[in-house]
Structures are given as structure tokens and as C-alpha cells.
Amino acid sequence: MKVSKKTQFDDALENSVADFLTNAPDDEVTAFFQEEGLDIHALAHNGREALARARTAAAGSAQETSSHDANPFSGVARPEYRRLAHELGINTMFLNRIRDREVSVADFPAVFLERLAAALHVTIVALRRYLSLPPAPPIGGMFQSDSKPVVAAEATSFEAVARESGLSEEQIKRLFE
Amino acid sequence: MFLGTLTDVPRPPATSRAVAPRSQVESAIAGLADRDFAVLHYEAKRICRKYRELSPDDAGDLLQDAFQAVIEARRYWQPANVAFVPFLIGVMQSLAHNYHKHMKGSHSVNVTYEHQLPPSEDGSSAVDLIAVEGHASAEETVSDLQELSLVEAGISVLRAQLAQHPVSLAIFDGLLEGKEKKEIREDLNIAWTTFWSADRHLTRAIEAYKRSI
């Protein structure tokens, strides 16, 4: 696109001012602000406050991201993992698919979700948030397999995944009680 | 306020080694002096004045968002290419421009002379017409002439303001020739302090001129 003469002229002026402000010696910049009737300390204070707010916002954002993405299964060692599945009345295959978010969060029996949250020592809100994320393969090598990990295209129903994982109808029924 | 309109800038290739690591960014932030913070806030105000959707009161928010974008590594600093303060100014310009683009129904970014220019039928300014690539129509030729006269008027005003400052005038003439400040300084072959003092006069004249239009 052709750059207009006016834009070129404006840019030249803008760049000249910015060049002076960033490259001129301190005393010249200070003199400039004084001559413009500006308090350099007040301007600096405003700038530092902007940085402080940015740091607070960035920290909050990082915390939010961290809590959103926290995997409640990540701290569960292999022996505990098997025990967890047993206590929940399911097998590790079904637990794997829950962990990998292959089950639609809306389809979990409330009572099962409560049990799972309690067993993982997280709140139901945090667990729901984790389970609401898109299906994904496990991160890290804790549950390594010889076969290539398969990522489910989308979460499916609780009962369907339970059946596919080899749970009997009686076992599935108990998960709703 | 600007973050919602942000599109992350693609990270340069990792192999280039040009992107500052987080530690270097933090060091650069820690090294900012009062003068730097003052300049950044002043520049934020100047950038906000360029956009109809923004006011100088938004300067603090704009600077905050620029810092946050850099801290969160959504904007990448390449120290070999640009110093940290000019980089932050560039981030602010980019954020403000993205915000402007996001706001539907807004008009031209450069409002400097628009009140002096007749609007076209579709509401765009004569400046916009000139910026369109292609063969010049009769309207474009007229706009081109209008634009040229406005630029010449601006140059005349600034020349008059700098009449008592020959070195400042020489710097201004160098800028009009498309030279960089460093090149102008070398051409003039004057003392460092003399150059920057003259550039201060020029900067004040430019700011006064901008306020007057």
C-alpha cells in the first residue's frame, strides 16, 4: 500500500520526538519536561504504578492459568492410582479415560464426581474445570504405554466409556448410587 | 482494557537466539530509571492522543498492558534489534492500533489534519484515498494536492518556529530528507551536547505544532 505524504510527514515528526526522548541525555530530557510544564517525577510515578499493576495482573493471570490447567491426577503415584480405581469401584482403564478427559463432564453422576474429588483431594469446582478441558493424552511418562497415545476427538458419555472399559452393568449401576 | 483485542505476535524462530529470555527481560525492567518511566508514560499519552477511541487518561492502562504483554511473553523483545524502552513504545503503538482496529465504526488513525479536509462520500478522509494503491483518479489527484499543501503548511509553521535556532532547523531539514538522527548528527559535525540541545528545541516545536492543529 502506498504511504501518504501526510503519513510520512507525521511519522517523521513522531519518530523524531520518540528518538529525542529515548536517546537524548538525561539533562536534556529533564529540561524538556520542565519546559513543557510536566513533573518528571509524577510521570515516572505513573509509569511505575503501571508496571506494578501489570505485575499484579500477570501474577493473577498466571495463577488462574495454573489452577485452570492443574491436573489433579498428576500427584497420584502408580500404586495409589490402582487403589484409587478400586476404591471408586472402577478399573484403571476407566480411570485413565476419565483422567484423559474422554468422558463428558456433564455426564458424570454427581455422586461419583464427589467421590472422585474427595479421593483426589481437590474441590469439585477444580475437578470440573479440569475435566472440562479438551481431551488430551497424559503429560509426562508416568503412565507410559508401548502403543502410541490416542487423543479422543471429543468426550463421550460416562456409561459408554464405562462399558468400553470393561465394567459390568452391575458395576456401572453402583457408580450412580 | 486493550488485552481483549490482542493477537499474540508469533514468536521468532527459537534458533535465531534473538529473543531475550525472561531473565533478561526482568533485568531490563529492573534497570528502568525514573527518566525511562517518565518517557514511557509521556509516550503512552502521545499514542492515546492519536486515536479517537482513546484519551490521554488511558495512558496508564496502555502502558500497563504493554508491560503485562512483555512480562507474560506475549510480545518478544529482540535486544539485538531494538533497545528496551523503544521496544516498549512499539508494543504500546501496536496495542493501541489493534484496539483501534477492533473498534468498529471508528475512523482514521491519523487525525492530525482531518478537520481541515473535506470528507469523501463514503465518509473516509482524503488521506485514506491517497493511501489506496492504484491509478490516481481525479479525486485522488485533488486529495494529493490538498495533502501536499497541508504538509507544506506544516513545514512552514515549523520552519518559522525554528527560525531562531539554526541547528534545530538543520535537524528538521535532515528529517525531511529522510535521514536518521545519527546521520544528521554526523553531517552537522557538532558537539554532542549542542546537537541534543538543538533537538530539544525541535522536539518542543513539534509538540507545540501538534497541539496547535
# chains A, B, ... in the order shown; residues from 1 in each chain; ligands from 1
call {"tool": "residues_around", "arguments": {"residues": "Pro21 (chain B)", "least_positions_apart": "6", "cutoff": "12 Å", "atoms": "only C-alpha atoms", "output": "NGL selection string"}}
result
:B and (14 or 27-28 or 70-73 or 75-79)
call {"tool": "closest_atom_pairs", "arguments": {"of": "chain A", "to": "chain B", "cutoff": "10 Å", "atoms": "only C-alpha atoms", "output": "JSON lines"}}
result
{"residue": "A:Met1", "atom": "CA", "partner": "B:Glu133", "partner_atom": "CA", "distance": 5.4}
{"residue": "A:Lys2", "atom": "CA", "partner": "B:Ala131", "partner_atom": "CA", "distance": 5.2}
{"residue": "A:Val3", "atom": "CA", "partner": "B:Ala131", "partner_atom": "CA", "distance": 5.5}
{"residue": "A:Ser4", "atom": "CA", "partner": "B:Ala131", "partner_atom": "CA", "distance": 5.3}
{"residue": "A:Lys5", "atom": "CA", "partner": "B:Leu148", "partner_atom": "CA", "distance": 7.0}
{"residue": "A:Lys6", "atom": "CA", "partner": "B:Val151", "partner_atom": "CA", "distance": 6.0}
{"residue": "A:Thr7", "atom": "CA", "partner": "B:Asn110", "partner_atom": "CA", "distance": 7.7}
{"residue": "A:Gln8", "atom": "CA", "partner": "B:Leu176", "partner_atom": "CA", "distance": 9.3}
{"residue": "A:Phe9", "atom": "CA", "partner": "B:Val151", "partner_atom": "CA", "distance": 6.9}
{"residue": "A:Asp10", "atom": "CA", "partner": "B:Thr112", "partner_atom": "CA", "distance": 8.2}
{"residue": "A:Asp11", "atom": "CA", "partner": "B:Asn110", "partner_atom": "CA", "distance": 9.9}
{"residue": "A:Ala12", "atom": "CA", "partner": "B:Leu175", "partner_atom": "CA", "distance": 6.6}
{"residue": "A:Leu13", "atom": "CA", "partner": "B:Ile206", "partner_atom": "CA", "distance": 6.7}
{"residue": "A:Glu14", "atom": "CA", "partner": "B:Ile206", "partner_atom": "CA", "distance": 8.5}
{"residue": "A:Asn15", "atom": "CA", "partner": "B:Leu175", "partner_atom": "CA", "distance": 9.6}
{"residue": "A:Ser16", "atom": "CA", "partner": "B:Thr203", "partner_atom": "CA", "distance": 7.2}
{"residue": "A:Val17", "atom": "CA", "partner": "B:Thr203", "partner_atom": "CA", "distance": 5.4}
{"residue": "A:Ala18", "atom": "CA", "partner": "B:Glu43", "partner_atom": "CA", "distance": 7.5}
{"residue": "A:Asp19", "atom": "CA", "partner": "B:Lys181", "partner_atom": "CA", "distance": 7.8}
{"residue": "A:Phe20", "atom": "CA", "partner": "B:Asp199", "partner_atom": "CA", "distance": 6.8}
{"residue": "A:Leu21", "atom": "CA", "partner": "B:Val39", "partner_atom": "CA", "distance": 6.3}
{"residue": "A:Thr22", "atom": "CA", "partner": "B:Pro86", "partner_atom": "CA", "distance": 6.9}
{"residue": "A:Asn23", "atom": "CA", "partner": "B:Trp196", "partner_atom": "CA", "distance": 9.0}
{"residue": "A:Ala24", "atom": "CA", "partner": "B:Trp196", "partner_atom": "CA", "distance": 6.0}
{"residue": "A:Pro25", "atom": "CA", "partner": "B:Trp196", "partner_atom": "CA", "distance": 7.5}
{"residue": "A:Asp26", "atom": "CA", "partner": "B:Arg35", "partner_atom": "CA", "distance": 7.1}
{"residue": "A:Asp27", "atom": "CA", "partner": "B:Ser197", "partner_atom": "CA", "distance": 9.5}
{"residue": "A:Glu28", "atom": "CA", "partner": "B:Ser197", "partner_atom": "CA", "distance": 6.5}
{"residue": "A:Val29", "atom": "CA", "partner": "B:Arg200", "partner_atom": "CA", "distance": 7.7}
{"residue": "A:Thr30", "atom": "CA", "partner": "B:Arg35", "partner_atom": "CA", "distance": 7.7}
{"residue": "A:Ala31", "atom": "CA", "partner": "B:Arg200", "partner_atom": "CA", "distance": 8.4}
{"residue": "A:Phe32", "atom": "CA", "partner": "B:Arg200", "partner_atom": "CA", "distance": 6.4}
{"residue": "A:Phe33", "atom": "CA", "partner": "B:Ala38", "partner_atom": "CA", "distance": 9.1}
{"residue": "A:Glu35", "atom": "CA", "partner": "B:Arg204", "partner_atom": "CA", "distance": 8.3}
{"residue": "A:Glu36", "atom": "CA", "partner": "B:Arg204", "partner_atom": "CA", "distance": 7.6}
{"residue": "A:Leu38", "atom": "CA", "partner": "B:Tyr42", "partner_atom": "CA", "distance": 9.5}
{"residue": "A:Asp39", "atom": "CA", "partner": "B:Ala38", "partner_atom": "CA", "distance": 8.9}
{"residue": "A:Ile40", "atom": "CA", "partner": "B:Ala38", "partner_atom": "CA", "distance": 5.8}
{"residue": "A:His41", "atom": "CA", "partner": "B:Asp34", "partner_atom": "CA", "distance": 7.0}
{"residue": "A:Ala42", "atom": "CA", "partner": "B:Ala38", "partner_atom": "CA", "distance": 7.7}
{"residue": "A:Leu43", "atom": "CA", "partner": "B:Ala38", "partner_atom": "CA", "distance": 4.5}
{"residue": "A:Ala44", "atom": "CA", "partner": "B:Ala38", "partner_atom": "CA", "distance": 4.0}
{"residue": "A:His45", "atom": "CA", "partner": "B:Phe37", "partner_atom": "CA", "distance": 7.5}
{"residue": "A:Asn46", "atom": "CA", "partner": "B:His41", "partner_atom": "CA", "distance": 6.8}
{"residue": "A:Gly47", "atom": "CA", "partner": "B:Phe37", "partner_atom": "CA", "distance": 4.7}
{"residue": "A:Arg48", "atom": "CA", "partner": "B:Phe37", "partner_atom": "CA", "distance": 6.3}
{"residue": "A:Glu49", "atom": "CA", "partner": "B:Gly60", "partner_atom": "CA", "distance": 8.1}
{"residue": "A:Ala50", "atom": "CA", "partner": "B:Gln64", "partner_atom": "CA", "distance": 4.5}
{"residue": "A:Leu51", "atom": "CA", "partner": "B:Gln64", "partner_atom": "CA", "distance": 5.7}
{"residue": "A:Ala52", "atom": "CA", "partner": "B:Gln64", "partner_atom": "CA", "distance": 8.1}
{"residue": "A:Arg53", "atom": "CA", "partner": "B:Gln64", "partner_atom": "CA", "distance": 6.4}
{"residue": "A:Ala54", "atom": "CA", "partner": "B:Gln68", "partner_atom": "CA", "distance": 4.7}
{"residue": "A:Arg55", "atom": "CA", "partner": "B:Gln68", "partner_atom": "CA", "distance": 6.6}
{"residue": "A:Thr56", "atom": "CA", "partner": "B:Gln68", "partner_atom": "CA", "distance": 9.0}
{"residue": "A:Ala57", "atom": "CA", "partner": "B:Gln68", "partner_atom": "CA", "distance": 7.3}
{"residue": "A:Ala58", "atom": "CA", "partner": "B:Gln68", "partner_atom": "CA", "distance": 6.0}
{"residue": "A:Ala59", "atom": "CA", "partner": "B:Glu72", "partner_atom": "CA", "distance": 9.1}
{"residue": "A:Ser61", "atom": "CA", "partner": "B:Glu72", "partner_atom": "CA", "distance": 8.9}
{"residue": "A:Ala62", "atom": "CA", "partner": "B:Glu72", "partner_atom": "CA", "distance": 8.4}
call {"tool": "closest_residue", "arguments": {"among": "B:Ala96, B:Ile184, B:Arg159, B:Asp173", "to": "Lys50 (chain B)", "atoms": "only C-alpha atoms"}}
result
B:Ala96
call {"tool": "atom_distance", "arguments": {"atom1": "CA of Gly37 (chain A)", "atom2": "CA of Ser156 (chain B)"}}
result
25.7 Å
